[in-house]
Structures are given as C-alpha cells and as structure tokens.
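The structure file input-v3.cif is reproduced below (mmCIF, C-alpha atoms).
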```
data_structure
loop_
_atom_site.label_atom_id
_atom_site.label_comp_id
_atom_site.auth_asym_id
_atom_site.auth_seq_id
_atom_site.Cartn_x
_atom_site.Cartn_y
_atom_site.Cartn_z
CA MET J 1 0.00 0.00 0.00
CA ILE J 2 1.24 3.48 -0.88
CA ARG J 3 -0.33 6.68 0.50
CA ILE J 4 -0.42 9.33 -2.25
CA ALA J 5 -1.37 12.99 -2.13
CA LEU J 6 -2.33 14.32 -5.56
CA LEU J 7 -2.08 18.14 -5.60
CA GLY J 8 -3.60 20.22 -8.39
CA HIS J 9 -6.85 21.69 -9.62
CA PHE J 10 -9.52 19.05 -10.17
CA PRO J 11 -13.30 19.06 -10.80
CA VAL J 12 -15.64 19.52 -7.85
CA GLY J 13 -18.46 17.00 -7.54
CA ASP J 14 -19.90 15.91 -10.87
CA ALA J 15 -18.68 18.95 -12.78
CA PRO J 16 -16.70 18.16 -15.95
CA PRO J 17 -12.98 19.04 -16.03
CA ALA J 18 -12.21 22.64 -16.95
CA GLY J 19 -9.11 22.46 -19.10
CA GLY J 20 -6.38 19.97 -19.85
CA VAL J 21 -4.68 19.81 -16.44
CA GLN J 22 -7.98 19.16 -14.66
CA SER J 23 -8.68 16.37 -17.17
CA VAL J 24 -5.28 14.82 -16.52
CA ILE J 25 -5.78 14.87 -12.75
CA ALA J 26 -9.33 13.53 -12.97
CA ASN J 27 -8.31 10.67 -15.29
CA LEU J 28 -5.28 9.81 -13.15
CA ARG J 29 -7.42 9.97 -10.00
CA ASP J 30 -10.00 7.57 -11.39
CA ALA J 31 -7.37 5.06 -12.50
CA LEU J 32 -5.47 5.16 -9.19
CA ALA J 33 -8.72 4.88 -7.21
CA ARG J 34 -9.46 1.54 -8.86
CA ARG J 35 -6.29 0.04 -7.40
CA GLU J 36 -6.28 -1.80 -4.07
CA ASP J 37 -2.63 -0.93 -3.38
CA VAL J 38 -3.23 2.85 -3.29
CA GLU J 39 -4.56 5.14 -0.56
CA LEU J 40 -5.41 8.29 -2.49
CA HIS J 41 -5.88 11.88 -1.27
CA LEU J 42 -6.57 14.88 -3.53
CA VAL J 43 -5.84 18.43 -2.40
CA GLN J 44 -6.56 21.72 -4.15
CA TYR J 45 -6.32 25.38 -3.16
CA ARG J 46 -8.19 27.76 -5.44
CA ARG J 47 -11.06 30.20 -5.72
CA GLY J 48 -14.67 29.28 -6.30
CA ILE J 49 -14.75 25.93 -4.51
CA PRO J 50 -16.56 24.83 -1.33
CA GLN J 51 -14.30 24.58 1.70
CA GLY J 52 -14.00 21.18 3.36
CA ARG J 53 -13.17 17.50 3.14
CA VAL J 54 -15.21 15.09 1.00
CA PHE J 55 -15.03 11.28 1.08
CA ARG J 56 -15.45 9.63 -2.33
CA GLU J 57 -15.44 6.00 -3.33
CA GLY J 58 -11.72 5.30 -3.65
CA TRP J 59 -10.28 8.64 -2.52
CA THR J 60 -10.60 11.63 -0.20
CA GLU J 61 -10.79 15.26 -1.40
CA TYR J 62 -9.58 18.32 0.49
CA HIS J 63 -10.90 21.64 -0.84
CA ILE J 64 -9.12 24.74 0.46
CA ARG J 65 -10.93 27.84 -0.68
CA ALA J 66 -8.82 30.81 -1.72
CA ALA J 67 -9.89 34.42 -1.26
CA GLU J 68 -12.07 35.80 -4.05
CA THR J 69 -10.74 39.35 -3.59
CA ARG J 70 -7.18 39.90 -2.44
CA LEU J 71 -4.35 42.42 -2.45
CA ILE J 72 -1.67 39.72 -2.30
CA PRO J 73 -1.89 36.90 -4.89
CA ASN J 74 -3.32 33.67 -3.48
CA MET J 75 -0.38 31.78 -4.97
CA LEU J 76 1.89 33.29 -2.33
CA SER J 77 -0.15 31.73 0.48
CA THR J 78 -0.15 28.22 -1.03
CA ALA J 79 2.44 26.73 1.32
CA ARG J 80 0.81 28.14 4.46
CA ARG J 81 -2.62 26.85 3.50
CA LEU J 82 -1.43 23.39 2.39
CA ARG J 83 0.80 22.65 5.38
CA PRO J 84 -1.87 21.61 7.96
CA VAL J 85 -3.75 19.44 5.45
CA LEU J 86 -0.62 17.60 4.34
CA ALA J 87 0.46 17.18 7.97
CA GLN J 88 -2.88 15.46 8.56
CA ILE J 89 -2.57 13.18 5.50
CA GLN J 90 1.11 12.33 6.03
CA PRO J 91 1.61 11.12 2.44
CA GLN J 92 4.44 8.81 1.53
CA VAL J 93 4.78 10.57 -1.81
CA VAL J 94 3.22 13.65 -3.42
CA SER J 95 2.29 14.15 -7.07
CA THR J 96 2.09 17.88 -7.83
CA HIS J 97 0.68 19.52 -10.95
CA GLN J 98 1.31 23.25 -10.35
CA PRO J 99 4.72 24.72 -9.45
CA ALA J 100 3.49 26.50 -6.30
CA TYR J 101 2.30 23.17 -4.89
CA ALA J 102 5.69 21.58 -5.58
CA VAL J 103 7.55 24.44 -3.89
CA ALA J 104 5.35 23.95 -0.82
CA THR J 105 5.81 20.17 -0.59
CA LEU J 106 9.55 20.35 -1.23
CA ALA J 107 9.89 22.91 1.57
CA MET J 108 8.11 20.45 3.87
CA GLY J 109 10.59 17.74 2.92
CA LEU J 110 7.95 15.52 1.30
CA PRO J 111 8.98 13.13 -1.49
CA THR J 112 7.68 14.97 -4.55
CA LEU J 113 7.08 13.97 -8.16
CA HIS J 114 6.18 17.05 -10.18
CA THR J 115 4.50 16.99 -13.59
CA LEU J 116 5.45 19.71 -16.07
CA HIS J 117 2.28 20.54 -18.01
CA GLY J 118 3.28 23.73 -19.78
CA PHE J 119 5.77 26.53 -20.16
CA PRO J 120 4.79 29.52 -17.95
CA ALA J 121 7.56 31.80 -19.24
CA ARG J 122 6.37 31.29 -22.81
CA GLU J 123 2.72 31.69 -21.83
CA PHE J 124 3.54 35.12 -20.42
CA TRP J 125 4.14 36.50 -23.91
CA VAL J 126 0.90 35.24 -25.48
CA ARG J 127 -1.58 35.96 -22.66
CA ARG J 128 -3.61 39.16 -22.63
CA GLY J 129 -4.48 41.38 -19.68
CA GLY J 130 -2.19 42.77 -17.00
CA PHE J 131 -3.49 40.57 -14.17
CA THR J 132 -3.24 37.40 -16.26
CA ARG J 133 0.30 38.19 -17.39
CA ALA J 134 1.33 39.00 -13.81
CA ALA J 135 -0.04 35.61 -12.69
CA MET J 136 1.97 33.84 -15.41
CA LEU J 137 5.10 35.72 -14.34
CA LEU J 138 4.55 34.63 -10.73
CA GLU J 139 4.02 31.03 -11.85
CA ALA J 140 7.27 31.18 -13.85
CA TRP J 141 9.05 32.35 -10.68
CA TYR J 142 7.59 29.44 -8.72
CA GLU J 143 8.68 27.09 -11.49
CA TRP J 144 12.24 28.43 -11.26
CA ARG J 145 12.24 27.80 -7.49
CA MET J 146 10.80 24.32 -7.99
CA LEU J 147 13.40 23.36 -10.62
CA ARG J 148 16.24 24.23 -8.22
CA ARG J 149 15.06 21.69 -5.61
CA VAL J 150 13.01 18.98 -7.27
CA ARG J 151 14.67 15.62 -7.99
CA HIS J 152 11.94 13.88 -10.00
CA LEU J 153 9.91 15.32 -12.87
CA VAL J 154 7.24 13.85 -15.13
CA ALA J 155 7.68 14.95 -18.75
CA ILE J 156 4.46 14.60 -20.74
CA SER J 157 6.35 15.02 -24.02
CA ASP J 158 9.86 14.81 -25.45
CA GLN J 159 9.66 18.58 -25.88
CA VAL J 160 9.52 18.99 -22.08
CA VAL J 161 12.77 17.06 -21.67
CA ALA J 162 14.46 19.12 -24.39
CA ARG J 163 13.34 22.43 -22.86
CA TYR J 164 14.10 21.66 -19.21
CA ARG J 165 17.04 19.26 -19.10
CA HIS J 166 19.56 22.14 -18.93
CA ARG J 167 17.59 23.92 -16.18
CA THR J 168 17.46 21.17 -13.57
CA ARG J 169 19.36 18.21 -12.15
CA ALA J 170 16.12 16.26 -11.72
CA ARG J 171 15.51 12.84 -13.16
CA PHE J 172 12.86 12.81 -15.92
CA HIS J 173 10.10 10.20 -16.05
CA ARG J 174 8.57 10.24 -19.54
CA ILE J 175 4.81 9.63 -19.07
CA ASP J 176 2.03 10.68 -21.45
CA ASN J 177 -1.23 12.28 -20.35
CA PRO J 178 -4.11 9.91 -19.54
CA VAL J 179 -7.32 10.00 -21.59
CA ALA J 180 -10.70 9.15 -20.05
CA PRO J 181 -11.94 5.59 -20.81
CA LEU J 182 -14.97 7.17 -22.49
CA PHE J 183 -12.88 8.05 -25.53
CA PHE J 184 -11.68 4.46 -26.00
CA GLN J 185 -15.22 3.17 -26.40
CA PRO J 186 -15.99 2.03 -29.99
CA GLY J 187 -18.16 4.45 -31.94
CA PRO J 188 -20.22 4.38 -35.14
CA PRO J 189 -18.67 4.88 -38.59
CA PRO J 190 -17.65 8.53 -39.13
CA ASP J 191 -19.50 11.01 -41.32
CA PRO J 192 -17.09 11.79 -44.19
CA ASP J 193 -18.65 15.24 -44.60
CA HIS J 194 -18.03 16.40 -41.05
CA LEU J 195 -14.89 17.82 -39.42
CA LEU J 196 -14.35 18.86 -35.80
CA LEU J 197 -12.18 21.52 -34.16
CA VAL J 198 -12.03 21.81 -30.36
CA GLY J 199 -10.44 25.03 -29.16
CA ASN J 200 -11.38 28.39 -27.68
CA LEU J 201 -12.00 31.26 -30.06
CA THR J 202 -8.63 32.97 -29.55
CA PRO J 203 -5.82 33.95 -31.94
CA VAL J 204 -3.55 31.28 -30.40
CA LYS J 205 -5.93 28.57 -31.63
CA GLY J 206 -5.84 29.96 -35.18
CA ILE J 207 -9.60 29.77 -35.71
CA ASP J 208 -9.27 32.25 -38.61
CA VAL J 209 -6.98 29.71 -40.32
CA ALA J 210 -9.65 27.03 -39.89
CA ILE J 211 -12.19 29.29 -41.62
CA ARG J 212 -9.77 29.78 -44.51
CA VAL J 213 -9.34 26.00 -44.69
CA MET J 214 -13.07 25.65 -45.20
CA GLN J 215 -13.01 28.39 -47.83
CA HIS J 216 -10.46 26.33 -49.79
CA LEU J 217 -12.48 23.11 -49.44
CA ARG J 218 -15.97 24.41 -50.12
CA SER J 219 -15.93 24.28 -53.93
CA ALA J 220 -14.63 20.71 -54.10
CA PHE J 221 -16.77 19.41 -51.21
CA PRO J 222 -19.99 21.46 -51.03
CA HIS J 223 -21.47 19.27 -48.27
CA LEU J 224 -18.43 19.38 -46.00
CA SER J 225 -18.97 21.09 -42.63
CA LEU J 226 -16.83 22.07 -39.65
CA THR J 227 -18.03 22.23 -36.05
CA ILE J 228 -15.97 24.49 -33.76
CA VAL J 229 -16.30 23.68 -30.04
CA GLY J 230 -14.97 26.16 -27.51
CA ARG J 231 -15.48 29.18 -25.31
CA GLU J 232 -15.20 32.81 -26.50
CA PRO J 233 -12.82 34.49 -24.03
CA ASP J 234 -11.82 37.10 -26.64
CA PRO J 235 -15.07 38.76 -27.85
CA THR J 236 -13.31 40.90 -30.47
CA TYR J 237 -11.59 37.93 -32.07
CA ALA J 238 -14.74 35.79 -31.79
CA ALA J 239 -16.73 38.44 -33.68
CA HIS J 240 -14.01 38.57 -36.33
CA VAL J 241 -14.02 34.80 -37.03
CA ARG J 242 -17.82 34.64 -36.97
CA ALA J 243 -17.87 37.38 -39.61
CA MET J 244 -15.33 35.42 -41.68
CA ALA J 245 -17.49 32.29 -41.45
CA ARG J 246 -20.80 33.98 -42.27
CA PRO J 247 -20.47 33.69 -46.09
CA LEU J 248 -19.94 29.92 -45.68
CA GLY J 249 -23.40 29.47 -44.18
CA ASP J 250 -23.90 26.22 -42.30
CA ALA J 251 -20.53 24.90 -43.50
CA VAL J 252 -19.09 26.32 -40.25
CA ARG J 253 -20.98 25.84 -36.97
CA PHE J 254 -20.00 27.34 -33.62
CA TYR J 255 -21.00 25.02 -30.80
CA GLY J 256 -19.70 26.68 -27.62
CA PRO J 257 -18.17 24.73 -24.71
CA ALA J 258 -19.11 21.05 -24.47
CA SER J 259 -18.89 18.16 -22.02
CA PRO J 260 -16.52 15.22 -22.62
CA GLN J 261 -19.51 13.06 -23.58
CA THR J 262 -20.58 15.59 -26.20
CA ILE J 263 -17.05 15.87 -27.56
CA LYS J 264 -16.88 12.07 -27.86
CA THR J 265 -20.19 12.08 -29.76
CA LEU J 266 -18.92 14.80 -32.09
CA LEU J 267 -15.67 12.91 -32.66
CA ASP J 268 -17.62 9.74 -33.47
CA GLY J 269 -19.48 11.64 -36.17
CA SER J 270 -16.39 13.29 -37.68
CA LEU J 271 -14.00 12.24 -40.42
CA ALA J 272 -11.07 13.90 -38.63
CA LEU J 273 -10.03 16.40 -35.98
CA LEU J 274 -8.63 19.70 -37.26
CA LEU J 275 -6.23 21.71 -35.09
CA THR J 276 -4.98 25.06 -36.44
CA SER J 277 -3.12 26.40 -33.39
CA ASN J 278 -0.01 28.53 -33.69
CA GLN J 279 1.08 27.44 -30.21
CA GLU J 280 0.39 24.23 -28.27
CA HIS J 281 2.11 21.78 -25.99
CA ALA J 282 0.49 18.32 -25.83
CA PRO J 283 -3.24 19.07 -26.22
CA MET J 284 -5.61 16.61 -24.59
CA ILE J 285 -8.05 16.80 -27.52
CA VAL J 286 -5.45 15.25 -29.83
CA ALA J 287 -4.97 12.28 -27.51
CA GLU J 288 -8.76 12.01 -27.14
CA ALA J 289 -9.26 12.01 -30.91
CA MET J 290 -6.62 9.31 -31.27
CA ALA J 291 -8.32 7.19 -28.62
CA ALA J 292 -11.62 7.65 -30.48
CA ALA J 293 -9.95 6.31 -33.66
CA ARG J 294 -9.97 9.57 -35.58
CA PRO J 295 -7.01 10.95 -37.57
CA VAL J 296 -5.73 14.41 -36.67
CA VAL J 297 -4.77 17.11 -39.17
CA ALA J 298 -2.83 19.78 -37.28
CA THR J 299 -0.18 22.44 -37.40
CA ARG J 300 3.40 21.42 -36.64
CA VAL J 301 3.74 23.02 -33.19
CA GLY J 302 4.74 21.94 -29.68
CA ALA J 303 4.66 18.19 -29.06
CA LEU J 304 2.31 17.47 -31.98
CA PRO J 305 5.12 15.99 -34.14
CA ASP J 306 5.67 13.48 -31.31
CA MET J 307 1.95 12.70 -30.99
CA ILE J 308 1.03 12.49 -34.70
CA ARG J 309 2.80 10.33 -37.27
CA PRO J 310 2.25 11.97 -40.67
CA GLY J 311 0.75 9.56 -43.17
CA GLU J 312 0.09 6.97 -40.44
CA THR J 313 -2.16 8.54 -37.78
CA GLY J 314 -2.75 11.99 -39.27
CA GLU J 315 -1.08 14.87 -41.09
CA LEU J 316 0.96 17.94 -40.08
CA ALA J 317 1.26 21.29 -41.84
CA PRO J 318 3.15 24.55 -41.22
CA VAL J 319 1.58 27.10 -38.88
CA GLY J 320 -0.88 29.35 -40.71
CA ASP J 321 -0.75 27.33 -43.95
CA ALA J 322 -4.46 26.97 -44.68
CA MET J 323 -3.82 25.52 -48.13
CA ALA J 324 -1.60 22.70 -46.80
CA LEU J 325 -4.18 21.84 -44.14
CA ALA J 326 -6.95 21.89 -46.74
CA GLN J 327 -4.99 19.60 -49.04
CA ALA J 328 -4.43 17.10 -46.22
CA LEU J 329 -8.14 17.10 -45.37
CA ALA J 330 -9.07 16.76 -49.05
CA ARG J 331 -6.96 13.59 -49.30
CA LEU J 332 -8.83 12.11 -46.31
CA ARG J 333 -12.21 13.16 -47.71
CA GLN J 334 -11.40 11.56 -51.08
CA ASN J 335 -10.34 8.33 -49.39
CA PRO J 336 -12.52 7.67 -46.32
CA ALA J 337 -11.20 4.10 -46.06
CA GLU J 338 -7.66 5.40 -45.56
CA ALA J 339 -8.96 7.91 -43.02
CA LEU J 340 -10.57 5.04 -41.15
CA ALA J 341 -7.29 3.05 -41.23
CA MET J 342 -5.37 6.08 -39.97
CA GLY J 343 -7.83 6.42 -37.12
CA GLN J 344 -7.43 2.78 -36.16
CA ARG J 345 -3.64 3.13 -36.09
CA ALA J 346 -4.07 6.23 -33.92
CA ALA J 347 -6.30 4.27 -31.51
CA ASP J 348 -3.73 1.47 -31.27
CA ARG J 349 -1.06 4.03 -30.44
CA ALA J 350 -3.29 5.75 -27.88
CA ARG J 351 -3.98 2.50 -25.99
CA TRP J 352 -0.39 2.06 -24.89
CA ARG J 353 0.46 5.76 -24.56
CA HIS J 354 -2.70 7.34 -23.14
CA HIS J 355 -4.95 4.70 -21.59
CA PRO J 356 -5.44 5.75 -17.93
CA ASP J 357 -4.54 2.33 -16.53
CA ALA J 358 -1.21 2.35 -18.41
CA VAL J 359 -0.50 5.93 -17.35
CA ALA J 360 -1.41 5.23 -13.71
CA GLN J 361 0.92 2.23 -13.68
CA ALA J 362 3.76 4.41 -15.00
CA TYR J 363 3.04 7.07 -12.36
CA LEU J 364 3.04 4.42 -9.64
CA ARG J 365 6.43 3.10 -10.73
CA ALA J 366 7.82 6.63 -10.60
CA MET J 367 6.18 7.45 -7.24
CA ARG J 368 7.44 4.27 -5.60
CA LEU J 369 10.94 5.13 -6.78
CA VAL J 370 10.62 8.68 -5.40
CA ARG J 371 9.41 7.27 -2.07
CA ASP J 372 12.13 4.63 -1.85
CA LEU J 373 14.94 7.09 -2.71
CA SER J 374 13.83 9.67 -0.15
#
```
The structure given in the file should be rewritten as structure tokens.
Amino acid sequence: MIRIALLGHFPVGDAPPAGGVQSVIANLRDALARREDVELHLVQYRRGIPQGRVFREGWTEYHIRAAETRLIPNMLSTARRLRPVLAQIQPQVVSTHQPAYAVATLAMGLPTLHTLHGFPAREFWVRRGGFTRAAMLLEAWYEWRMLRRVRHLVAISDQVVARYRHRTRARFHRIDNPVAPLFFQPGPPPDPDHLLLVGNLTPVKGIDVAIRVMQHLRSAFPHLSLTIVGREPDPTYAAHVRAMARPLGDAVRFYGPASPQTIKTLLDGSLALLLTSNQEHAPMIVAEAMAAARPVVATRVGALPDMIRPGETGELAPVGDAMALAQALARLRQNPAEALAMGQRAADRARWRHHPDAVAQAYLRAMRLVRDLS
C-alpha cells in the first residue's frame, strides 16, 4: 500500500474538467482509485470551490478555498494553506501539478514527483491582460524555485525534456497524459462530410486559419462542414471569425463549450479532428481524438510531431498554412477508407500511450521510486 497525495486543480463533484490539467488529474485519479494498493488523497487550493473534506469511493478530497478578492496573490499563500492538510494526511509521496504546490511540498521535505504541463515563461508573452500576465510571471518564478530543488519530474512530451534538461538536475520520467476511458469506447462509422475543431476562439488557436481551410475546401466538397467547439474568451476575435465564417453558411458551426460526452459524440461523427493552433504543448483533444480512432490534421507546433505520425495517424502542416491543411483534409475526404485506417492506427497508439490504466501504472512506478529514494 502506498499513500499518495495528488495536488492540483480538479473538478468539484460531478462537474466536468475545466481544461487539460484538470482532465489529466481527474483521469489519473479515477485510474489510481481503482487500485487496491493505493490510498489516495486529492488536495486543491483555489477560488470558487466549497471549503472542506469530502469522502469519495476510492479517494478523499480536500478543498481549500482561496480568497475571491485579495491584495496579495493567493499563490503566495499556497504553502501556508497546504501545510496543515498535508500534515494530517502524512503522504508517503506527493504528485504535484502546479509549481506553487511543488515548492510547498519540497519545503516540507515531502517526497515529490512534479508533472510539467506547460511553459509559464512562454505563456507570459501570449496571454492578454495585465493581471493574467502577472499571474503567469509569478508562476514562472515558482517554477524556477521548484526546478532548483526537485529531484523527480514527469515529462508529458519529449519537448519537455528538451526544454528543461539544462535547467534542472532532476531525473525525468517520460509519461504521457491519460485519456478518459470514455474516448476508447468504440463508436459508429464517421461522417465523411463532417470535421471537428475543439479550441477556444482565440488567436492562439488559429480559428481564422480554420475558416480559410473551409473556404479552400468548399468548392470541391460542397457538403463538407466544420463544427468548432470552444469558449469565446476574446469577444473581439470571436466576432471577427464569426464574420469570416458567415459567407460559408452552415458549412461552419459554432458550438460553444461542451462536455466530454458531447465531444466524444462529435468525434464519433467526424472524419477527422482539425487543429490550427499557432502554439500548443500536448493538447488533450489530440490524444482524445486518437483514442476515439480519428485521424488528426494539425499544425506542426509543440509536441504534436511526437503525438502524430504523418501519413500513419494523421497529417501535419506549417503554422498558418491553410492551403496545406486543406490539401491534407481533401486527401482524407477523397479516401474515407484510408482515413478510417489512420484512425485505427491512432487508436492502437493511444492505448499504450494514453490509456489511464497504463499511465497510472507508469506514475506508480515513478512514485514508488521517489518514495524509496527519499
């Protein structure tokens, strides 16, 4: 038996995960909770959650509510607020998923395995708004402090190892993100006239490029449609892409945010997933599409060249190259049987890289090593 504290933002109650990191933690939680050799505790400190401890089937949750209005950033009080809860749990090993949590647990002398999910210093330059950019700068500072002390890191992509290996003496454990079992369930045959894009309506996601892709494809495939699933955090940009899409009629549909079940249903009905981002790391939606046996046509950014094998499980194109993306999608539309075969190869790859049971087993191997070496 190993007593684990999993620290990071996770869904409250039956709410769906909000974002990739919450999905990772929820999927890892569910897989670890099914094991008889794990005593699992989840701890989070953030705004907008009910304060208290909740007993679930297979794990215990500790919700520490942060101040809604504050003069000093809540991140700076993370260690103080976590200390009494962790002293009560007395974990044998801690799995952290935000740098401030790792700094707190390392200061307490707890065996810590930290997962690097993104690149805060890079995010600083693409985020908008003074408060948001200040928060990213503070997170980058916490990451710098964490890298100086941590001895074990989970890298969710080869890109993480390449970016961080010169900044830390830590040992890297290469483990992919887990995908919910829902996405591995067999679905119906895809609709060859339907494409899906999951991403918020922001410039980083390149939604304007996706509209131009559909402009290129419309004459050759008049029945082809694209559904765009995502929030609209940038109203100005959202209005711009909606105006671009208006002449295409119902060839482009804006869906808004959706639950994992809805996204799975949309994937099942799609020929392929389109991703037009100009910046990404290892997006969960790509792993989810692979698990659902759908090929991915995406821009060559972040860890996508590691996730997608061109010609085997999908296609890659240069950032902003709407014509190259359109040509790749046209080849799939002209040969649905090959698209289906690509999707099956993607699903085979996802089973050993992203299935939650496989990922949980890899995390457990790493956590036992961290515990035993402490």
Q: May I have the protein, DNA and RNA residues with any atom at most 9 Å from the point (-8.3, 9.3, -38.0), counting all atoms listed in the file, written as a PyMOL selection string?
A: chain J and resi 271-273+289-290+292-297+313-314+332+338-347
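Using all atoms listed in the file for every distance, the candidate list J:Arg371, J:Lys264, J:His63, J:His9 yields J:Lys264 as the residue closest to Pro186 in chain J.
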Q: Can you pull out every residue within 12 Å of range 169-173 of chain J, counting all atoms listed in the file, but drop anything in the same chain fewer than 2 positions away, and send it as a ChimeraX atom specification?
A: /J:112-116,146-167,175-176,359,362-367,369-370,373
**Q.** Close residues, range 33-36 of chain J itself excluded, 10 Å, all atoms listed in the file, min 5 positions apart in chain, as number ranges by chain
**A.** J: 1-2, 27-28, 41, 56-60, 357, 360-361
Q: Taking the point (4.4, 16.9, -37.7) as given in the file, collect each protein or nucleic acid residue that comes within 8 Å of it, counting only C-alpha atoms, and present the set as a PyMOL selection string.
A: chain J and resi 298-301+304-306+308-310+315-317
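For the pair CA of Gln44 in chain J and CA of Arg65 in chain J, the separation is 8.3 Å.
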Q: Enumerate, as an MDAnalysis selection string, the residues matched when the PyMOL selection byres ((chain J and resi 181) around 12) is run on the file above.
A: chainID J and resid 23 26:28 30:31 178:180 182:186 260:261 264 287:288 291:292 350:351 354:359
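By only C-alpha atoms, and with residues fewer than 3 positions from range 230-237 of chain J along its chain excluded, the set lying at most 9 Å from it is Leu197, Val198, Gly199, Asn200, Leu201, Thr202, Pro203, Asp208, His240, Val241, Arg242, Phe254, Tyr255, Gly256, Pro257 and Ala258 of chain J.
For the pair CA of Ala87 in chain J and CA of Ile49 in chain J, the interatomic distance is 21.5 Å.
Residue nearest Ala303 in chain J, chosen from J:His117, J:Leu226, J:Asp193, J:Met75 and counting all atoms listed in the file: J:His117.
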Q: Using only C-alpha atoms, pick whichever of J:Ile228, J:Ile89, J:Ala210, J:Ala66 has the shortest atom-to-atom distance to Ala322 in chain J.
A: J:Ala210
Q: Compile the contact shell of Asn278 in chain J as number ranges by chain: residues with an atom at most 8 Å away, counting only C-alpha atoms, same-chain residues fewer than 2 positions apart removed.
A: J: 204-206, 276, 280, 299, 301, 319-320
Q) Which of these, J:Ile207, J:Gln215, J:Gly48, J:Ala239, has the shortest distance to Ser277 in chain J once you count all atoms listed in the file? A) J:Ile207
